[in-house]
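Below is the file run-v5.txt, which contains compact mmCIF, C-alpha atoms.
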```txt
# COMPACT_ATOMS: atom_id res chain seq x y z
CA MET U 1 22.44 15.30 -16.56
CA ASP U 2 23.86 12.44 -18.61
CA ILE U 3 22.12 9.82 -16.50
CA ILE U 4 18.67 10.98 -17.68
CA LYS U 5 17.68 9.13 -20.84
CA PRO U 6 14.70 9.34 -23.23
CA LEU U 7 11.63 7.33 -22.32
CA PRO U 8 11.66 3.76 -23.71
CA THR U 9 9.92 3.48 -27.07
CA TYR U 10 7.36 0.93 -25.87
CA LEU U 11 6.13 3.35 -23.20
CA LEU U 12 5.82 6.18 -25.71
CA GLN U 13 3.81 3.92 -28.00
CA ARG U 14 1.51 2.90 -25.17
CA TYR U 15 0.99 6.54 -24.21
CA HIS U 16 0.05 7.56 -27.73
CA GLY U 17 -2.34 4.61 -27.93
CA TRP U 18 -3.99 5.64 -24.65
CA LYS U 19 -4.25 9.28 -25.74
CA ALA U 20 -5.84 8.34 -29.06
CA THR U 21 -8.40 5.98 -27.54
CA THR U 22 -9.19 6.07 -23.82
CA PHE U 23 -8.45 9.75 -23.32
CA ASN U 24 -10.14 11.01 -26.49
CA GLU U 25 -13.24 8.91 -25.78
CA ASN U 26 -13.50 10.25 -22.22
CA GLU U 27 -12.06 13.74 -22.57
CA PRO U 28 -14.94 15.53 -20.81
CA TRP U 29 -14.44 13.30 -17.77
CA TYR U 30 -10.72 14.01 -17.65
CA ARG U 31 -11.34 17.75 -17.98
CA ARG U 32 -13.81 17.55 -15.11
CA LEU U 33 -11.29 15.71 -12.93
CA ALA U 34 -8.71 18.36 -13.72
CA SER U 35 -10.96 21.34 -13.02
CA GLU U 36 -12.85 20.04 -9.98
CA GLY U 37 -9.96 18.28 -8.27
CA GLN U 38 -9.91 14.80 -6.80
CA ARG U 39 -12.55 13.41 -4.49
CA PRO U 40 -11.44 9.83 -3.89
CA ARG U 41 -13.75 7.63 -1.87
CA ALA U 42 -10.94 5.61 -0.34
CA MET U 43 -7.23 5.54 0.26
CA VAL U 44 -5.49 2.26 -0.59
CA ILE U 45 -2.09 1.46 0.89
CA SER U 46 -0.56 -1.34 -1.14
CA CYS U 47 2.81 -2.85 -1.95
CA CYS U 48 5.11 -1.56 -4.68
CA ASP U 49 5.06 -5.08 -6.14
CA SER U 50 4.23 -4.79 -9.84
CA ARG U 51 1.93 -7.82 -9.59
CA VAL U 52 -0.46 -5.99 -7.26
CA HIS U 53 -2.78 -4.03 -9.56
CA VAL U 54 -5.18 -2.27 -7.23
CA THR U 55 -7.39 -0.56 -9.81
CA SER U 56 -7.85 -3.81 -11.74
CA ILE U 57 -8.77 -5.81 -8.64
CA PHE U 58 -11.57 -3.40 -7.76
CA GLY U 59 -12.44 -2.18 -11.24
CA ALA U 60 -11.75 1.38 -10.11
CA GLU U 61 -12.04 4.40 -12.35
CA GLN U 62 -9.56 7.25 -12.44
CA GLY U 63 -10.11 9.55 -9.48
CA GLU U 64 -11.78 6.90 -7.32
CA PHE U 65 -8.80 5.76 -5.20
CA PHE U 66 -6.02 7.70 -3.53
CA ILE U 67 -3.26 5.09 -3.79
CA HIS U 68 -0.03 4.98 -1.83
CA ARG U 69 2.45 2.20 -2.55
CA ASN U 70 5.51 1.23 -0.54
CA ILE U 71 7.56 -1.85 0.31
CA ALA U 72 5.26 -4.45 1.93
CA ASN U 73 2.27 -2.07 2.27
CA LEU U 74 3.48 -0.91 5.68
CA VAL U 75 2.35 2.06 7.76
CA PRO U 76 4.99 3.21 10.25
CA PRO U 77 4.17 4.27 13.80
CA TYR U 78 3.09 7.88 14.33
CA LEU U 79 6.35 9.81 14.76
CA PRO U 80 6.05 13.61 14.46
CA ASP U 81 9.79 14.27 14.66
CA GLY U 82 10.11 16.79 11.84
CA ASP U 83 11.85 14.28 9.55
CA HIS U 84 10.82 12.97 6.12
CA HIS U 85 7.86 10.57 6.29
CA GLY U 86 6.31 9.77 2.91
CA THR U 87 3.70 7.25 4.02
CA SER U 88 2.66 9.30 7.03
CA ALA U 89 2.35 12.38 4.82
CA ALA U 90 0.11 10.48 2.42
CA VAL U 91 -2.11 9.30 5.28
CA GLU U 92 -2.33 12.82 6.71
CA TYR U 93 -3.29 14.29 3.33
CA ALA U 94 -5.88 11.60 2.65
CA VAL U 95 -7.59 12.06 6.01
CA THR U 96 -7.28 15.77 6.71
CA SER U 97 -7.45 17.23 3.19
CA LEU U 98 -9.23 14.70 0.98
CA ASN U 99 -11.54 13.45 3.75
CA VAL U 100 -11.55 9.88 2.47
CA ALA U 101 -14.21 7.65 3.99
CA HIS U 102 -12.06 4.51 4.00
CA ILE U 103 -8.42 3.48 4.34
CA ILE U 104 -7.67 0.05 2.95
CA VAL U 105 -4.40 -1.75 3.67
CA LEU U 106 -3.91 -4.38 0.98
CA GLY U 107 -1.36 -7.13 1.60
CA HIS U 108 -0.43 -9.87 -0.83
CA SER U 109 1.14 -13.28 -1.19
CA ASN U 110 4.78 -13.89 -2.12
CA CYS U 111 5.81 -10.44 -0.90
CA GLY U 112 9.53 -9.85 -1.34
CA GLY U 113 9.65 -7.19 1.36
CA VAL U 114 8.05 -9.46 3.92
CA ALA U 115 10.41 -12.27 2.90
CA GLY U 116 13.30 -9.88 3.51
CA CYS U 117 12.01 -9.10 6.99
CA TYR U 118 11.66 -12.81 7.75
CA ASP U 119 15.19 -13.52 6.54
CA MET U 120 16.58 -10.56 8.47
CA CYS U 121 14.87 -11.51 11.72
CA SER U 122 15.82 -15.18 11.40
CA GLY U 123 19.48 -14.42 10.74
CA GLN U 124 19.46 -15.35 7.06
CA ALA U 125 20.03 -11.82 5.70
CA PRO U 126 22.60 -10.02 7.89
CA GLU U 127 23.07 -7.35 5.23
CA LEU U 128 19.57 -6.06 5.99
CA ASN U 129 20.64 -5.35 9.57
CA GLU U 130 23.18 -2.82 8.33
CA LYS U 131 22.28 0.80 9.04
CA THR U 132 22.89 1.55 5.37
CA SER U 133 20.06 -0.75 4.25
CA PHE U 134 16.98 1.30 3.47
CA VAL U 135 14.96 -1.89 3.01
CA GLY U 136 16.12 -3.31 6.33
CA ARG U 137 15.31 -0.19 8.30
CA TRP U 138 11.88 0.02 6.65
CA MET U 139 11.20 -3.62 7.46
CA ASP U 140 11.97 -2.92 11.12
CA ILE U 141 8.34 -1.82 11.22
CA LEU U 142 7.32 -5.47 10.78
CA LYS U 143 9.60 -6.93 13.48
CA PRO U 144 6.77 -7.10 16.07
CA GLY U 145 4.88 -9.25 13.59
CA TYR U 146 7.79 -11.65 13.32
CA GLU U 147 7.79 -12.03 17.09
CA ARG U 148 4.13 -13.04 16.91
CA VAL U 149 4.60 -15.72 14.25
CA LYS U 150 8.05 -17.14 15.01
CA GLY U 151 6.55 -19.84 17.24
CA LEU U 152 4.68 -21.52 14.38
CA ASP U 153 6.12 -24.95 13.58
CA ASP U 154 6.33 -24.74 9.80
CA GLU U 155 8.53 -22.15 8.04
CA ALA U 156 6.12 -21.76 5.13
CA ALA U 157 3.33 -21.06 7.61
CA ARG U 158 5.50 -18.51 9.41
CA ARG U 159 6.27 -16.68 6.19
CA ALA U 160 2.61 -16.68 5.11
CA ALA U 161 1.48 -15.48 8.54
CA LEU U 162 4.04 -12.67 8.46
CA GLU U 163 2.54 -11.40 5.19
CA LYS U 164 -0.76 -10.93 6.98
CA GLU U 165 0.98 -9.41 9.99
CA ALA U 166 2.11 -6.64 7.64
CA VAL U 167 -1.57 -5.72 7.24
CA LEU U 168 -2.38 -6.01 10.94
CA ILE U 169 0.60 -3.95 12.11
CA SER U 170 -0.25 -1.27 9.57
CA LEU U 171 -3.82 -1.11 10.89
CA GLU U 172 -2.51 -0.87 14.46
CA ASN U 173 -0.11 1.90 13.50
CA LEU U 174 -2.79 3.78 11.57
CA ASN U 175 -4.92 4.00 14.68
CA GLY U 176 -1.95 5.60 16.44
CA PHE U 177 -2.26 8.71 14.25
CA PRO U 178 -4.42 11.15 16.26
CA PHE U 179 -6.26 12.49 13.21
CA VAL U 180 -7.02 8.95 12.06
CA ALA U 181 -8.25 7.87 15.50
CA ASP U 182 -10.43 10.98 15.76
CA ALA U 183 -11.99 10.40 12.32
CA VAL U 184 -12.66 6.76 13.14
CA LYS U 185 -14.22 7.69 16.48
CA SER U 186 -16.49 10.26 14.84
CA GLY U 187 -17.63 7.75 12.23
CA ASP U 188 -16.15 9.70 9.32
CA LEU U 189 -13.50 7.09 8.55
CA SER U 190 -13.26 3.31 8.59
CA LEU U 191 -10.15 1.13 8.37
CA HIS U 192 -9.99 -2.13 6.41
CA GLY U 193 -7.42 -4.89 6.10
CA LEU U 194 -7.37 -7.00 2.93
CA PHE U 195 -5.09 -9.72 1.60
CA THR U 196 -4.89 -10.99 -1.96
CA ASP U 197 -3.33 -14.21 -3.19
CA ILE U 198 -1.72 -13.29 -6.50
CA GLY U 199 -1.80 -16.79 -8.02
CA ALA U 200 -5.33 -17.63 -6.92
CA GLY U 201 -6.86 -14.21 -7.48
CA SER U 202 -8.55 -14.52 -4.08
CA LEU U 203 -9.30 -11.76 -1.61
CA GLU U 204 -9.56 -11.97 2.16
CA HIS U 205 -11.01 -9.38 4.53
CA TYR U 206 -9.77 -9.03 8.09
CA ILE U 207 -12.54 -9.24 10.67
CA PRO U 208 -11.67 -8.82 14.35
CA GLU U 209 -12.22 -12.00 16.39
CA GLN U 210 -12.37 -14.02 13.15
CA GLY U 211 -9.15 -13.20 11.35
CA PHE U 212 -8.85 -13.10 7.58
CA VAL U 213 -12.00 -14.36 5.87
CA HIS U 214 -12.47 -14.98 2.14
CA VAL U 215 -14.89 -12.56 0.51
```
Represent the supplied structure as structure tokens.
Amino acid sequence: MDIIKPLPTYLLQRYHGWKATTFNENEPWYRRLASEGQRPRAMVISCCDSRVHVTSIFGAEQGEFFIHRNIANLVPPYLPDGDHHGTSAAVEYAVTSLNVAHIIVLGHSNCGGVAGCYDMCSGQAPELNEKTSFVGRWMDILKPGYERVKGLDDEAARRAALEKEAVLISLENLNGFPFVADAVKSGDLSLHGLFTDIGAGSLEHYIPEQGFVHV
């Protein structure tokens, strides 16, 4: 396949640097991870945005988090229709096979996916309404959130509120998965909504009846 090219040199150099330092210094740990399998304590659903660095935010070690990234950290509604569902598959595996104790939905500021949803719903991005737009159809998940924030007076406030709606709708949809609801009910699983401001480095935790509260 002519479209497949060699890895960029800078990535190769970084790999060799990692192998010679971090890996060699912790080789027994890596061998243990390989032989014993993963036992992550939590699943984190975060955005694909390259500025959202989950392991750095929480100082996580390799093997600690089961991380799933997608556009705007969204969880779709439970829909067992026999089609392809990457996020739903990741949630199912985390809960039923890995038995994670926590699922964390991590939203963030200045999210391009959320901005796309806002523009689509407000008539500013008609191209996202086309059936051929993968981004537009994915952002349909967030449309109920737009309906909840569209009454706010200030556009900047509406956009910021919609970023947090992405977290709330994902939590609502998670609870619609029977195996998630059962694990939560039994006390084996807890759900968490977080929001990070990229520029400020701040973190907010969603608390029912209080909203998002700085930690």
* To do: Would you kindly return, as an NGL selection string, each protein, DNA or RNA residue with an atom no farther than 7 Å from any atom of region 143-150 of chain U, considering all atoms listed in the file and excluding same-chain residues fewer than 2 positions away?
  => :U and (118 or 140-141 or 152 or 158 or 161-162 or 165 or 169)
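With distances taken over all atoms listed in the file, U:Gly199 is the one residue among U:Gly199, U:Gly17, U:Gly123, U:Gly136 lying closest to Arg51 (chain U).
Counting all atoms listed in the file, the residue from U:His53, U:Arg14, U:Lys164, U:His85 that sits nearest to Tyr206 (chain U) is U:Lys164.
Considering the residues U:Ala60, U:Leu11, U:Leu74, U:Val167 and counting all atoms listed in the file, Trp138 (chain U) has its shortest atom-to-atom contact with U:Leu74.
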Between CA of Asn70 (chain U) and CA of Cys117 (chain U) lies a distance of 14.3 Å
List as a Markdown table every residue of region 61-91 of chain U that is in contact with region 28-44 of chain U, defined as an atom at most 9 Å from one of its atoms (using all atoms listed in the file), together with the nearest atom pair and the distance in Å rounded to one decimal, sorted by chain and then rising number.
```
| residue | atom | partner | partner_atom | distance |
| --- | --- | --- | --- | --- |
| U:Gln62 | CA | U:Tyr30 | CA | 8.6 |
| U:Gly63 | CA | U:Pro40 | CA | 5.8 |
| U:Glu64 | CA | U:Pro40 | CA | 4.5 |
| U:Phe65 | CA | U:Pro40 | CA | 5.0 |
| U:Phe66 | CA | U:Met43 | CA | 4.5 |
| U:Ile67 | CA | U:Val44 | CA | 4.8 |
| U:His68 | CA | U:Val44 | CA | 6.2 |
| U:Arg69 | CA | U:Val44 | CA | 8.2 |
| U:Val91 | CA | U:Met43 | CA | 8.1 |
```
For the contact check between region 69-110 of chain U and region 174-185 of chain U, emit one row per residue of region 69-110 of chain U within 9 Å, containing the shortest atom pair and the distance in Å rounded to one decimal, counting all atoms listed in the file, chain then rising number order, as a Markdown table.
```
| residue | atom | partner | partner_atom | distance |
| --- | --- | --- | --- | --- |
| U:Val75 | CA | U:Leu174 | CA | 6.6 |
| U:Pro76 | CA | U:Leu174 | CA | 7.9 |
| U:Pro77 | CA | U:Gly176 | CA | 6.8 |
| U:Tyr78 | CA | U:Phe177 | CA | 5.4 |
| U:Leu79 | CA | U:Phe177 | CA | 8.7 |
| U:Ser88 | CA | U:Phe177 | CA | 8.8 |
| U:Val91 | CA | U:Val180 | CA | 8.4 |
| U:Glu92 | CA | U:Phe179 | CA | 7.6 |
| U:Val95 | CA | U:Val180 | CA | 6.8 |
| U:Thr96 | CA | U:Phe179 | CA | 7.4 |
```
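With only C-alpha atoms as the atoms that count, the residue of U:Ile71, U:Leu191, U:Val105, U:Val114 with the shortest distance to Gly86 (chain U) is U:Ile71.
Separating CA of Cys111 (chain U) from CA of Tyr10 (chain U) is a distance of 27.5 Å.
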